[in-house]
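Trainee: Contents of entry09.cif (mmCIF, C-alpha atoms) are given next:
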```cif
data_my_file
#
loop_
_atom_site.label_atom_id
_atom_site.label_comp_id
_atom_site.auth_asym_id
_atom_site.auth_seq_id
_atom_site.Cartn_x
_atom_site.Cartn_y
_atom_site.Cartn_z
CA MET I 1 91.06 87.61 162.62
CA THR I 2 88.18 90.07 162.81
CA SER I 3 85.17 90.39 160.59
CA SER I 4 86.03 94.00 159.82
CA THR I 5 88.94 92.87 157.66
CA SER I 6 86.67 91.30 155.07
CA SER I 7 83.21 92.06 153.77
CA LYS I 8 80.41 89.92 155.17
CA ASN I 9 78.68 87.49 152.87
CA ASP I 10 75.14 88.87 153.10
CA VAL I 11 73.95 87.42 149.80
CA THR I 12 72.42 83.97 150.21
CA ASP I 13 74.94 81.73 148.52
CA PRO I 14 73.53 78.29 147.63
CA LEU I 15 76.90 76.85 148.57
CA LEU I 16 76.33 78.06 152.12
CA GLU I 17 72.96 76.33 152.44
CA PRO I 18 73.24 73.55 155.04
CA SER I 19 73.32 70.01 153.67
CA LEU I 20 73.39 68.07 156.92
CA THR I 21 70.32 69.31 158.79
CA GLN I 22 68.58 65.97 158.15
CA GLY I 23 71.69 64.08 159.34
CA SER I 24 74.74 63.04 157.36
CA ASN I 25 74.78 60.63 154.42
CA ARG I 26 75.70 57.12 155.51
CA ILE I 27 75.74 53.75 153.80
CA TYR I 28 76.18 50.10 154.72
CA SER I 29 79.42 48.55 153.45
CA SER I 30 79.48 46.50 150.25
CA SER I 31 80.54 43.46 152.35
CA ALA I 32 77.24 43.72 154.23
CA MET I 33 75.26 43.91 150.99
CA PHE I 34 77.17 40.93 149.60
CA GLY I 35 76.27 38.94 152.73
CA VAL I 36 72.61 39.90 152.35
CA ALA I 37 72.73 38.90 148.66
CA PHE I 38 74.26 35.53 149.52
CA PHE I 39 71.97 34.61 152.41
CA GLY I 40 68.86 36.57 151.55
CA GLY I 41 68.52 36.48 147.77
CA MET I 42 66.91 39.05 145.50
CA VAL I 43 64.31 40.40 147.93
CA GLY I 44 66.99 40.91 150.59
CA VAL I 45 69.24 42.88 148.24
CA ILE I 46 66.37 45.11 147.11
CA LEU I 47 65.37 45.85 150.72
CA PHE I 48 68.96 46.50 151.75
CA ALA I 49 69.64 48.75 148.74
CA ALA I 50 66.43 50.67 149.51
CA LEU I 51 67.72 51.18 153.09
CA ASN I 52 71.00 52.47 151.65
CA SER I 53 69.07 54.92 149.44
CA TYR I 54 67.10 56.04 152.49
CA HIS I 55 70.28 56.67 154.52
CA LEU I 56 71.79 58.51 151.55
CA LYS I 57 68.59 60.60 151.34
CA ARG I 58 68.11 59.69 147.70
CA LEU I 59 65.12 57.39 147.97
CA LYS I 60 63.22 59.52 145.41
CA THR I 61 66.17 59.50 142.96
CA ASP I 62 66.65 55.74 143.32
CA ALA I 63 62.94 54.85 143.38
CA ILE I 64 62.88 54.05 139.66
CA TRP I 65 65.79 51.59 140.03
CA ILE I 66 64.24 49.98 143.10
CA VAL I 67 60.92 49.53 141.23
CA LEU I 68 62.79 48.09 138.22
CA ALA I 69 64.63 45.67 140.54
CA ILE I 70 61.30 44.55 142.07
CA LEU I 71 59.85 43.99 138.58
CA LEU I 72 62.95 42.03 137.60
CA ALA I 73 62.66 39.85 140.72
CA VAL I 74 58.96 39.19 140.10
CA ALA I 75 59.62 38.44 136.40
CA THR I 76 62.44 36.03 137.36
CA TYR I 77 60.25 34.18 139.88
CA VAL I 78 57.28 33.94 137.47
CA ALA I 79 59.50 32.84 134.56
CA PHE I 80 61.26 30.29 136.76
CA PHE I 81 58.07 28.55 137.81
CA GLN I 82 56.78 28.69 134.22
CA ILE I 83 59.91 27.11 132.77
CA VAL I 84 61.14 24.67 135.41
CA ASP I 85 59.39 21.38 136.24
CA ALA I 86 57.96 20.98 139.73
CA ASP I 87 60.43 18.25 140.75
CA GLN I 88 63.40 20.41 139.80
CA ALA I 89 61.97 23.71 140.99
CA ARG I 90 62.68 23.28 144.68
CA SER I 91 66.38 22.45 144.24
CA ASN I 92 67.07 25.04 141.57
CA PHE I 93 65.12 27.94 143.04
CA ARG I 94 67.83 28.84 145.57
CA LEU I 95 70.45 28.85 142.81
CA VAL I 96 68.42 31.14 140.53
CA ASN I 97 67.51 33.40 143.45
CA ARG I 98 71.18 33.74 144.41
CA ILE I 99 72.37 34.42 140.83
CA GLY I 100 69.67 37.10 140.57
CA ALA I 101 70.76 38.51 143.94
CA PHE I 102 74.38 38.79 142.78
CA ALA I 103 73.24 40.54 139.59
CA LEU I 104 71.21 43.01 141.66
CA PHE I 105 74.14 43.42 144.09
CA ALA I 106 76.35 44.42 141.12
CA ALA I 107 73.68 46.80 139.78
CA PHE I 108 73.12 48.53 143.13
CA TRP I 109 76.86 48.67 143.80
CA PHE I 110 77.20 50.49 140.45
CA LEU I 111 74.32 52.82 141.32
CA HIS I 112 75.94 53.77 144.65
CA ARG I 113 79.56 53.40 143.53
CA LEU I 114 80.50 56.99 144.47
CA PHE I 115 79.42 56.39 148.04
CA TYR I 116 81.20 53.03 148.29
CA ARG I 117 84.38 54.68 146.98
CA SER I 118 83.88 57.40 149.58
CA LEU I 119 84.05 54.78 152.32
CA GLY I 120 87.61 53.95 151.34
CA LEU I 121 88.88 57.29 150.16
CA GLY I 122 86.86 60.07 151.77
CA GLY I 123 87.21 58.95 155.37
CA SER I 124 83.50 58.12 155.73
CA GLU I 125 82.50 55.32 158.08
CA PRO I 126 79.92 52.69 157.13
CA LEU I 127 76.77 52.14 159.16
CA SER I 128 76.68 49.12 161.46
CA PRO I 129 74.85 46.58 159.28
CA TRP I 130 73.85 43.83 161.69
CA GLY I 131 70.26 44.74 162.56
CA ALA I 132 69.31 45.82 159.05
CA ALA I 133 71.10 42.91 157.36
CA ILE I 134 69.52 40.27 159.62
CA ALA I 135 66.07 41.84 159.17
CA CYS I 136 66.47 41.94 155.37
CA VAL I 137 67.65 38.31 155.26
CA LEU I 138 64.75 37.14 157.46
CA ILE I 139 62.13 39.07 155.47
CA SER I 140 63.68 37.83 152.24
CA MET I 141 63.61 34.21 153.46
CA ALA I 142 59.94 34.54 154.44
CA VAL I 143 59.03 36.06 151.05
CA THR I 144 61.11 33.43 149.23
CA TYR I 145 59.34 30.58 151.04
CA GLY I 146 56.05 32.25 150.19
CA VAL I 147 57.05 32.45 146.53
CA VAL I 148 58.15 28.80 146.46
CA TYR I 149 54.90 27.75 148.16
CA LEU I 150 52.82 29.70 145.68
CA GLY I 151 54.89 28.46 142.76
CA LEU I 152 54.78 24.79 143.79
CA PHE I 153 51.42 24.38 145.41
CA ALA I 154 49.23 27.14 144.13
CA GLY I 155 49.41 26.17 140.51
CA GLY I 156 52.30 28.31 139.41
CA VAL I 157 54.38 25.40 138.12
CA LYS I 158 53.52 23.88 134.78
CA MET D 1 98.64 100.75 187.51
CA THR D 2 101.81 98.74 188.21
CA ASP D 3 99.66 95.72 189.05
CA ASP D 4 97.91 96.03 185.67
CA VAL D 5 101.25 96.16 183.85
CA ASP D 6 102.54 93.15 185.83
CA GLN D 7 99.37 91.26 185.08
CA SER D 8 99.63 92.09 181.39
CA ASN D 9 103.29 91.00 181.26
CA PHE D 10 102.44 87.80 183.12
CA LEU D 11 99.70 86.96 180.61
CA GLU D 12 101.84 87.80 177.58
CA ASP D 13 104.69 85.72 178.94
CA ALA D 14 102.43 82.77 179.80
CA ILE D 15 100.72 82.78 176.38
CA GLN D 16 104.12 82.78 174.67
CA LYS D 17 105.18 79.80 176.81
CA ILE D 18 101.92 77.95 175.96
CA GLN D 19 102.52 78.53 172.24
CA PHE D 20 106.13 77.43 172.63
CA TYR D 21 105.07 74.14 174.24
CA LEU D 22 102.28 73.51 171.75
CA GLU D 23 104.60 74.09 168.78
CA ARG D 24 106.79 71.33 170.22
CA ASN D 25 103.80 69.09 170.93
CA ASN D 26 104.55 69.26 174.69
CA LEU D 27 100.96 69.08 175.91
CA GLN D 28 101.90 68.59 179.56
CA GLY D 29 104.05 71.75 179.60
CA ALA D 30 101.27 73.71 177.86
CA LYS D 31 98.72 72.44 180.37
CA THR D 32 100.84 73.59 183.33
CA GLU D 33 101.09 77.10 181.87
CA ILE D 34 97.38 77.18 180.97
CA ASN D 35 96.46 76.21 184.54
CA LYS D 36 98.69 78.99 185.90
CA VAL D 37 96.86 81.56 183.76
CA LEU D 38 93.42 80.17 184.56
CA THR D 39 94.14 80.20 188.30
CA GLU D 40 94.85 83.93 188.08
CA ASN D 41 92.27 84.71 185.34
CA PRO D 42 89.57 82.05 185.13
CA ASP D 43 87.79 83.91 182.29
CA ASN D 44 90.82 84.54 180.08
CA GLY D 45 89.56 83.70 176.57
CA THR D 46 92.98 82.91 175.09
CA ALA D 47 93.90 80.50 177.90
CA LEU D 48 90.47 78.87 177.67
CA TYR D 49 90.98 78.48 173.90
CA TYR D 50 94.35 76.77 174.46
CA SER D 51 92.84 74.62 177.20
CA ALA D 52 90.22 73.40 174.70
CA TYR D 53 92.99 72.94 172.11
CA VAL D 54 94.90 70.64 174.49
CA ASP D 55 91.70 68.77 175.41
CA LYS D 56 91.05 68.16 171.70
CA ALA D 57 94.64 66.99 171.17
CA GLU D 58 94.13 64.52 174.05
CA ASP D 59 90.79 63.35 172.56
CA ASN D 60 88.80 64.91 175.45
CA TYR D 61 86.22 66.23 173.03
CA ASP D 62 83.41 66.77 175.54
CA ALA D 63 85.66 68.92 177.75
CA ALA D 64 86.87 70.89 174.69
CA GLU D 65 83.27 71.44 173.57
CA ALA D 66 82.20 72.67 177.03
CA THR D 67 85.12 75.12 177.23
CA LEU D 68 84.63 76.49 173.70
CA THR D 69 80.87 76.83 174.21
CA SER D 70 81.53 78.93 177.31
CA VAL D 71 84.10 81.06 175.40
CA LEU D 72 81.60 81.64 172.57
CA SER D 73 78.82 82.54 175.01
CA SER D 74 80.87 85.55 176.14
CA GLN D 75 82.58 86.24 172.76
CA PRO D 76 80.20 84.93 170.08
CA ASN D 77 82.33 86.14 167.15
CA ASP D 78 85.64 84.65 168.31
CA TYR D 79 86.93 83.25 165.00
CA TYR D 80 89.49 80.80 166.44
CA ALA D 81 87.07 79.42 169.04
CA GLN D 82 84.43 78.89 166.33
CA GLN D 83 86.94 77.13 164.07
CA LEU D 84 88.22 74.87 166.85
CA LEU D 85 84.67 74.06 167.98
CA ALA D 86 83.82 73.07 164.39
CA ASP D 87 86.82 70.67 164.44
CA VAL D 88 85.68 69.27 167.80
CA TYR D 89 82.14 68.72 166.45
CA ILE D 90 83.59 66.84 163.46
CA GLU D 91 85.58 64.58 165.80
CA GLN D 92 82.39 63.99 167.83
CA LYS D 93 80.55 63.25 164.57
CA LYS D 94 78.16 66.13 165.30
CA TYR D 95 78.28 66.95 161.62
CA ALA D 96 75.21 69.23 161.43
CA GLU D 97 76.53 71.42 164.27
CA ALA D 98 79.98 71.58 162.61
CA GLU D 99 78.38 72.59 159.31
CA GLN D 100 76.35 75.37 160.97
CA LEU D 101 79.50 76.81 162.53
CA LEU D 102 81.51 76.62 159.30
CA ILE D 103 78.70 78.33 157.37
CA ARG D 104 78.64 81.04 160.04
CA ILE D 105 82.40 81.55 159.68
CA LEU D 106 82.11 81.69 155.87
CA LYS D 107 79.29 84.23 156.09
CA ASP D 108 81.44 86.41 158.37
CA TYR D 109 84.71 85.82 156.48
CA PRO D 110 83.80 85.04 152.84
CA ASP D 111 87.45 84.73 151.77
CA ASP D 112 88.58 82.44 154.57
CA VAL D 113 90.35 79.63 152.72
CA ASP D 114 90.71 77.45 155.85
CA ALA D 115 86.96 77.52 156.43
CA TYR D 116 86.30 76.53 152.79
CA VAL D 117 88.79 73.67 153.14
CA ASP D 118 87.33 72.52 156.49
CA TYR D 119 83.83 72.63 155.01
CA ALA D 120 85.02 70.69 151.94
CA TRP D 121 86.55 67.98 154.19
CA LEU D 122 83.30 67.81 156.14
CA MET D 123 81.33 67.36 152.91
CA LEU D 124 83.77 64.68 151.73
CA GLU D 125 83.44 62.83 155.04
CA THR D 126 79.65 62.97 154.88
CA MET D 127 79.54 61.77 151.25
CA ASN D 128 78.41 65.08 149.73
CA ILE D 129 81.06 64.68 147.05
CA ASP D 130 79.77 67.28 144.55
CA LYS D 131 79.59 69.98 147.23
CA ALA D 132 83.05 68.98 148.53
CA MET D 133 84.44 69.46 145.01
CA VAL D 134 82.79 72.89 144.56
CA LEU D 135 84.04 74.04 147.98
CA SER D 136 87.58 72.82 147.28
CA GLN D 137 87.50 74.72 143.96
CA GLU D 138 86.40 77.87 145.84
CA ALA D 139 89.40 77.41 148.17
CA ILE D 140 91.77 76.81 145.22
CA LYS D 141 90.39 79.94 143.48
CA ARG D 142 91.45 81.98 146.53
CA ALA D 143 94.68 80.09 147.29
CA PRO D 144 95.87 78.10 144.25
CA ASP D 145 98.66 76.40 146.24
CA ASN D 146 96.60 75.31 149.22
CA GLN D 147 97.68 71.75 149.76
CA ARG D 148 94.59 70.48 151.59
CA ALA D 149 92.28 71.99 148.98
CA LEU D 150 94.28 70.37 146.15
CA GLN D 151 94.23 67.09 148.03
CA ILE D 152 90.44 67.17 148.44
CA SER D 153 90.17 67.93 144.75
CA VAL D 154 92.27 64.83 143.91
CA ILE D 155 90.36 62.58 146.31
CA GLY D 156 86.99 63.90 145.06
CA SER D 157 88.04 63.35 141.48
CA LEU D 158 89.20 59.84 142.39
CA ILE D 159 85.82 59.09 143.98
CA GLN D 160 83.89 60.55 141.04
CA ASN D 161 85.93 59.10 138.17
CA GLY D 162 88.13 56.36 139.62
CA VAL D 163 91.82 56.19 138.70
CA ASN D 164 92.33 57.77 135.28
CA ASP D 165 94.85 59.97 133.47
CA GLU D 166 93.33 63.14 134.95
CA THR D 167 93.64 61.86 138.54
CA ARG D 168 97.20 60.68 137.91
CA GLU D 169 98.08 64.11 136.46
CA GLN D 170 96.51 65.92 139.46
CA LEU D 171 98.37 63.68 141.89
CA GLN D 172 101.64 64.16 140.03
CA LYS D 173 101.16 67.94 140.31
CA LEU D 174 100.44 67.61 144.02
CA GLY D 175 103.53 65.44 144.45
CA GLU D 176 105.68 68.01 142.62
CA GLN D 177 104.37 70.88 144.79
CA PHE D 178 104.45 69.03 148.11
CA PRO D 179 106.79 66.08 147.66
CA ASP D 180 107.51 65.28 151.30
CA THR D 181 104.17 65.67 152.98
CA THR D 182 102.34 62.82 154.65
CA SER D 183 98.94 63.66 153.19
CA THR D 184 100.23 63.70 149.60
CA CYS D 185 101.88 60.33 150.10
CA MET D 186 98.77 58.85 151.72
CA THR D 187 96.66 60.04 148.79
CA MET D 188 99.16 58.33 146.51
CA VAL D 189 98.85 55.15 148.60
CA SER D 190 95.04 55.27 148.20
CA ILE D 191 95.39 55.47 144.42
CA LEU D 192 97.90 52.62 144.28
CA VAL D 193 95.61 50.43 146.41
CA GLU D 194 92.69 51.30 144.07
CA GLU D 195 94.85 50.10 141.18
CA GLY D 196 95.80 46.91 143.04
CA ARG D 197 99.49 47.96 143.25
CA ASN D 198 99.73 46.92 146.89
CA LYS D 199 103.49 46.38 147.00
CA GLU D 200 104.28 49.93 145.88
CA ALA D 201 101.59 51.26 148.22
CA TYR D 202 103.22 49.36 151.10
CA GLU D 203 106.68 50.77 150.31
CA ILE D 204 105.39 54.37 150.19
CA SER D 205 103.34 53.97 153.39
CA GLN D 206 106.42 52.57 155.19
CA GLU D 207 108.34 55.65 154.08
CA VAL D 208 105.54 57.91 155.36
CA LEU D 209 105.63 56.17 158.74
CA ARG D 210 109.41 56.54 158.89
CA ILE D 211 109.09 60.31 158.27
CA ASN D 212 106.12 60.71 160.58
CA PRO D 213 106.23 57.95 163.25
CA SER D 214 103.46 59.51 165.35
CA SER D 215 100.87 59.25 162.55
CA SER D 216 98.34 56.65 163.73
CA SER D 217 96.57 56.61 160.34
CA ALA D 218 99.86 55.85 158.55
CA LEU D 219 100.54 53.07 161.07
CA GLU D 220 97.12 51.52 160.39
CA VAL D 221 97.68 51.67 156.62
CA VAL D 222 101.16 50.10 156.96
CA LYS D 223 99.73 47.27 159.11
CA GLU D 224 96.92 46.55 156.64
CA LEU D 225 99.25 46.63 153.63
CA LYS D 226 101.73 44.40 155.46
CA VAL D 227 98.94 41.84 155.85
CA ILE D 228 97.96 42.11 152.17
CA ASN D 229 101.59 41.80 151.01
CA HIS D 230 102.55 38.92 153.34
CA TRP D 231 103.81 35.82 151.48
CA SER D 232 101.12 33.66 153.09
CA MET D 233 98.46 35.83 151.41
CA THR D 234 99.71 34.96 147.90
CA PRO D 235 96.96 32.40 147.21
CA LEU D 236 94.37 35.04 148.18
CA ARG D 237 95.73 37.77 145.85
CA PRO D 238 92.97 37.32 143.24
CA LEU D 239 90.39 37.79 146.01
CA SER D 240 91.91 41.09 147.15
CA LYS D 241 92.45 42.25 143.54
CA TYR D 242 89.03 41.43 142.12
CA GLY D 243 87.02 41.84 145.33
CA TRP D 244 83.39 40.75 145.15
CA GLY D 245 83.81 39.60 141.55
CA ALA D 246 86.29 36.97 142.79
CA SER D 247 83.97 35.93 145.63
CA ILE D 248 81.09 35.46 143.17
CA ALA D 249 83.40 33.47 140.87
CA ILE D 250 84.35 31.16 143.77
CA TRP D 251 80.70 30.61 144.60
CA ALA D 252 79.88 29.99 140.92
CA PHE D 253 82.72 27.45 140.76
CA ALA D 254 81.39 25.71 143.87
CA VAL D 255 77.85 25.46 142.53
CA ILE D 256 78.27 25.08 138.78
CA GLY D 257 81.88 23.83 138.55
CA PHE D 258 81.29 20.73 140.65
CA ARG D 259 78.17 19.83 138.70
CA VAL D 260 80.21 20.04 135.49
CA ILE D 261 83.19 18.12 136.93
CA ASP D 262 80.93 15.15 137.68
CA LYS D 263 80.21 14.87 133.94
CA THR D 264 83.87 15.04 132.82
CA PRO D 265 86.82 12.58 133.03
CA LEU D 266 87.82 14.41 136.24
CA ALA D 267 84.79 12.92 138.03
CA PRO D 268 86.87 10.37 140.06
CA TYR D 269 88.90 13.27 141.47
CA SER D 270 85.94 15.39 142.43
CA THR D 271 86.30 14.57 146.17
CA PRO D 272 89.97 15.67 146.44
CA ILE D 273 89.16 18.76 144.33
CA LEU D 274 86.27 19.52 146.68
CA LEU D 275 88.52 19.13 149.72
CA VAL D 276 91.18 21.45 148.25
CA PHE D 277 88.46 23.96 147.38
CA LEU D 278 86.98 23.83 150.90
CA ALA D 279 90.46 24.23 152.42
CA PHE D 280 90.99 27.31 150.23
CA VAL D 281 87.66 28.84 151.24
CA ILE D 282 88.29 28.22 154.96
CA TYR D 283 91.84 29.59 154.57
CA SER D 284 90.46 32.78 152.96
CA TRP D 285 88.07 33.28 155.91
CA VAL D 286 90.30 32.31 158.80
CA TRP D 287 93.87 33.27 157.93
CA PRO D 288 93.64 37.06 157.20
CA PRO D 289 92.19 38.00 160.63
CA ILE D 290 94.74 35.75 162.39
CA LEU D 291 97.60 37.30 160.40
CA ARG D 292 96.24 40.79 161.15
CA LYS D 293 96.34 40.01 164.90
CA LEU D 294 99.85 38.54 164.64
CA ILE D 295 101.14 41.61 162.79
CA ALA D 296 99.41 44.00 165.20
CA ARG D 297 101.45 42.57 168.12
#
```
Turn the structure described in the file into structure tokens.
Mentor:
Amino acid sequence: MTSSTSSKNDVTDPLLEPSLTQGSNRIYSSSAMFGVAFFGGMVGVILFAALNSYHLKRLKTDAIWIVLAILLAVATYVAFFQIVDADQARSNFRLVNRIGAFALFAAFWFLHRLFYRSLGLGGSEPLSPWGAAIACVLISMAVTYGVVYLGLFAGGVK
Amino acid sequence: MTDDVDQSNFLEDAIQKIQFYLERNNLQGAKTEINKVLTENPDNGTALYYSAYVDKAEDNYDAAEATLTSVLSSQPNDYYAQQLLADVYIEQKKYAEAEQLLIRILKDYPDDVDAYVDYAWLMLETMNIDKAMVLSQEAIKRAPDNQRALQISVIGSLIQNGVNDETREQLQKLGEQFPDTTSTCMTMVSILVEEGRNKEAYEISQEVLRINPSSSSALEVVKELKVINHWSMTPLRPLSKYGWGASIAIWAFAVIGFRVIDKTPLAPYSTPILLVFLAFVIYSWVWPPILRKLIAR
């Protein structure tokens, strides 16, 4: 085939603008996010989902949902320590945190559902999750302990 | 003069032999002929192209890249070398480099359907679904019966909308146009798995493997579906059908269910129920990987 057989595409076609100069879109698998939700709680899921948005290069698009998730987590923690008695708070906090994490997991899975479906159908490979998942769980545990400490000992509990 | 004619005949003959071997997937035979040509003419572009082609077929991507880069340094507009190098870059996961080459080909050959299709696949693989769909439509506009373009369109539609009437209709059309091809069947398998119809998916994938026994992707799919459809996996069916929803339900049962059981007439049986539950959870973790290894043998 020679270029003389067809006219050259001199007009700048937006379709022919490169999309991968900043690297390709990647995402951690939903199994990894489920693990982070289970072990890390709400803060872990938010961090992990934000990392997914970063790797998908849609941090700006998803920023509103990440902020809403943070507000939801803060509201849940504040409401929990307002409603629950101090003696029950410690045992029930993990449960509430995990239920909230599963709700956020479902919400972020829905937000990124096209990309998760791509993993199975489009031949894309997920990112290795270990480092990011462990970091998110550890940060989440530290924040959670901080929240419990504040809630129990800094006058948050009624 | 006679030497030139002899040389030309030798090259023509050798290239025909290389093509003959490659058409029959005889890489060793092709390699022998390629080496003969390269011994006589180390800079022969066609032989170098076929050498890179064989390297790619044998998964020697770095060697293929080096050869094609040297071909393109002397013949920068060689269409076939550019196309093959783009394929090699995709295999090496050098997606940005592959994209640059495909864009270059499309700028030089704006009606090249293969380049549109390759670019659409690349976009699909790198999760740029919208762009993959537009590119596949561009390919279909130029070649309405292009199987790969139609397939990308079905997969893209499946990713964007899930399994619905439109996807089923598109797949049916694809099946009618290309009933016996591996890729059509594998797309069908993907849709059946999405719908949780694993048994039918397994039967089709077995058929695909029978038709095309050298397909490693079909073999992997058959192995995975054999695991999912094994009789010992029956208790775990809800987990594979409802995915994370089922896992969350199990956790909710463990945390909330047992608290409730203690306040019902079933309270005396809570320990055996707990043991059965724990056995189920351990079974769901441990058995599938063991079965996968047993089936892989």
Trainee: Could you tell me which residues the PyMOL selection byres ((chain D) within 7 of (chain I)) returns for this structure, as a list of chain:residue names?
Mentor: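 Taken over the shown coordinates, the PyMOL selection byres ((chain D) within 7 of (chain I)) returns D:Tyr79, D:Tyr95, D:Ala96, D:Glu99, D:Gln100, D:Ile103, D:Lys107, D:Asp108, D:Tyr109, D:Pro110, D:Leu124, D:Glu125, D:Thr126, D:Met127, D:Ile155, D:Ile159, D:Gln160, D:Ser190.
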Trainee: Using only C-alpha atoms, which of the listed residues (D:Lys17, D:Arg104, D:Lys293, D:Arg237) sits closest to Ile34 of chain D?
Mentor: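 Checking each candidate against Ile34 of chain D, we get D:Lys17 as the closest.
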Trainee: Can you work out which one of I:Arg90, I:Ser29, I:Thr61, I:Asn52 has the shortest atom-to-atom distance to Tyr145 of chain I, counting only C-alpha atoms?
Mentor: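 When distances to Tyr145 of chain I are compared using only C-alpha atoms, the smallest one comes from I:Arg90.
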Trainee: Rounded to one decimal, what separation in Å do you get between atom CA of Trp121 of chain D and atom CA of Gly156 of chain D?
Mentor: 10.0 Å
Trainee: Select, from I:Leu152, I:Met33, I:Trp65, I:Phe108, the residue with the minimum atom-to-atom distance to Ile134 of chain I, counting only C-alpha atoms.
Mentor: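 Nearest candidate to Ile134 of chain I out of I:Leu152, I:Met33, I:Trp65, I:Phe108: I:Met33.
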Trainee: Between atom CA of Leu106 of chain D and atom CA of Ala63 of chain D, measure the distance and give it in Å to one decimal.
Mentor: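 Interatomic distance here is 25.6 Å.
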Trainee: Under the PyMOL selection byres ((chain D and resi 50) around 12), which residues of this model are included? Write them out as an MDAnalysis selection string.
Mentor: chainID D and resid 14:22 27 30:35 37:38 44:49 51:57 64 67:68 71 80:81 84:85
Trainee: Measure the distance from atom CA of Gly146 of chain I to atom CA of Leu68 of chain I in Å and round it to one decimal.
Mentor: 21.0 Å
Trainee: Pick out the closest residue to Ile64 of chain I from this set: I:Ile83, I:Ala50, I:Val45, I:Ala142. Count all atoms listed in the file.
Mentor: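 Distance minimum relative to Ile64 of chain I lands on I:Ala50.
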Trainee: From (65.7, 33.3, 147.4), in the file's coordinates, out to 12 Å: which residues are reached, counting all atoms listed in the file? Answer as a ChimeraX atom specification.
Mentor: /I:36-46,73-74,76-77,80,90-102,136-148
Trainee: Closest to Val222 of chain D among D:Pro76, D:Ile295, D:Ile129, D:Trp285, using only C-alpha atoms?
Mentor: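 Of D:Pro76, D:Ile295, D:Ile129, D:Trp285, the one nearest Val222 of chain D is D:Ile295, counting only C-alpha atoms.
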Trainee: If we count all atoms listed in the file and set the cut-off at 12 Å, which residues sit around Val281 of chain D, ignoring sequence neighbours fewer than 4 positions away in its own chain? Please answer as a VMD selection string.
Mentor: chain D and resid 235 to 236 239 246 to 247 250 to 251 253 to 254 274 to 277 285 to 288
Trainee: Print the selection's residues with C-alpha atoms to a file, as a short mmCIF file (atom, residue, chain, number, x, y, z; two decimals), in the frame of the given file.
Mentor:
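Saved to result_2.cif:
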```cif
data_model
loop_
_atom_site.label_atom_id
_atom_site.label_comp_id
_atom_site.auth_asym_id
_atom_site.auth_seq_id
_atom_site.Cartn_x
_atom_site.Cartn_y
_atom_site.Cartn_z
CA PRO D 235 96.96 32.40 147.21
CA LEU D 236 94.37 35.04 148.18
CA LEU D 239 90.39 37.79 146.01
CA ALA D 246 86.29 36.97 142.79
CA SER D 247 83.97 35.93 145.63
CA ILE D 250 84.35 31.16 143.77
CA TRP D 251 80.70 30.61 144.60
CA PHE D 253 82.72 27.45 140.76
CA ALA D 254 81.39 25.71 143.87
CA LEU D 274 86.27 19.52 146.68
CA LEU D 275 88.52 19.13 149.72
CA VAL D 276 91.18 21.45 148.25
CA PHE D 277 88.46 23.96 147.38
CA TRP D 285 88.07 33.28 155.91
CA VAL D 286 90.30 32.31 158.80
CA TRP D 287 93.87 33.27 157.93
CA PRO D 288 93.64 37.06 157.20
#
```
Trainee: What does the PyMOL selection byres ((chain D and resi 153) around 9) select in this file, as number ranges by chain?
Mentor: D: 132-134, 136-137, 148-152, 154-158, 170
Trainee: With C-alpha atoms retained, export the selected residues as a PDB file, in the frame of the given file.
Mentor:
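Resulting contents of result.pdb:
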```
ATOM      1  CA  ALA D 132      83.050  68.980 148.530  1.00  0.00           C
ATOM      2  CA  MET D 133      84.440  69.460 145.010  1.00  0.00           C
ATOM      3  CA  VAL D 134      82.790  72.890 144.560  1.00  0.00           C
ATOM      4  CA  SER D 136      87.580  72.820 147.280  1.00  0.00           C
ATOM      5  CA  GLN D 137      87.500  74.720 143.960  1.00  0.00           C
ATOM      6  CA  ARG D 148      94.590  70.480 151.590  1.00  0.00           C
ATOM      7  CA  ALA D 149      92.280  71.990 148.980  1.00  0.00           C
ATOM      8  CA  LEU D 150      94.280  70.370 146.150  1.00  0.00           C
ATOM      9  CA  GLN D 151      94.230  67.090 148.030  1.00  0.00           C
ATOM     10  CA  ILE D 152      90.440  67.170 148.440  1.00  0.00           C
ATOM     11  CA  VAL D 154      92.270  64.830 143.910  1.00  0.00           C
ATOM     12  CA  ILE D 155      90.360  62.580 146.310  1.00  0.00           C
ATOM     13  CA  GLY D 156      86.990  63.900 145.060  1.00  0.00           C
ATOM     14  CA  SER D 157      88.040  63.350 141.480  1.00  0.00           C
ATOM     15  CA  LEU D 158      89.200  59.840 142.390  1.00  0.00           C
ATOM     16  CA  GLN D 170      96.510  65.920 139.460  1.00  0.00           C
TER      17      GLN D 170
END
```
Trainee: Set the distance at 10 Å and use only C-alpha atoms: which residues neighbour Ala132 of chain I once local chain neighbours fewer than 6 positions away are removed? I'd like the list as a list in words.
Mentor: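 My reading of the contact set: Tyr28, Ala32, Val36, Leu47, Phe48, Leu51 and Leu138 of chain I.
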Trainee: May I ask which of the residues I:Ser53, I:Leu104, I:Ala86, I:Arg58 is the closest one to Leu71 of chain I, counting all atoms listed in the file?
Mentor: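 Closest residue, counting all atoms listed in the file: I:Leu104.
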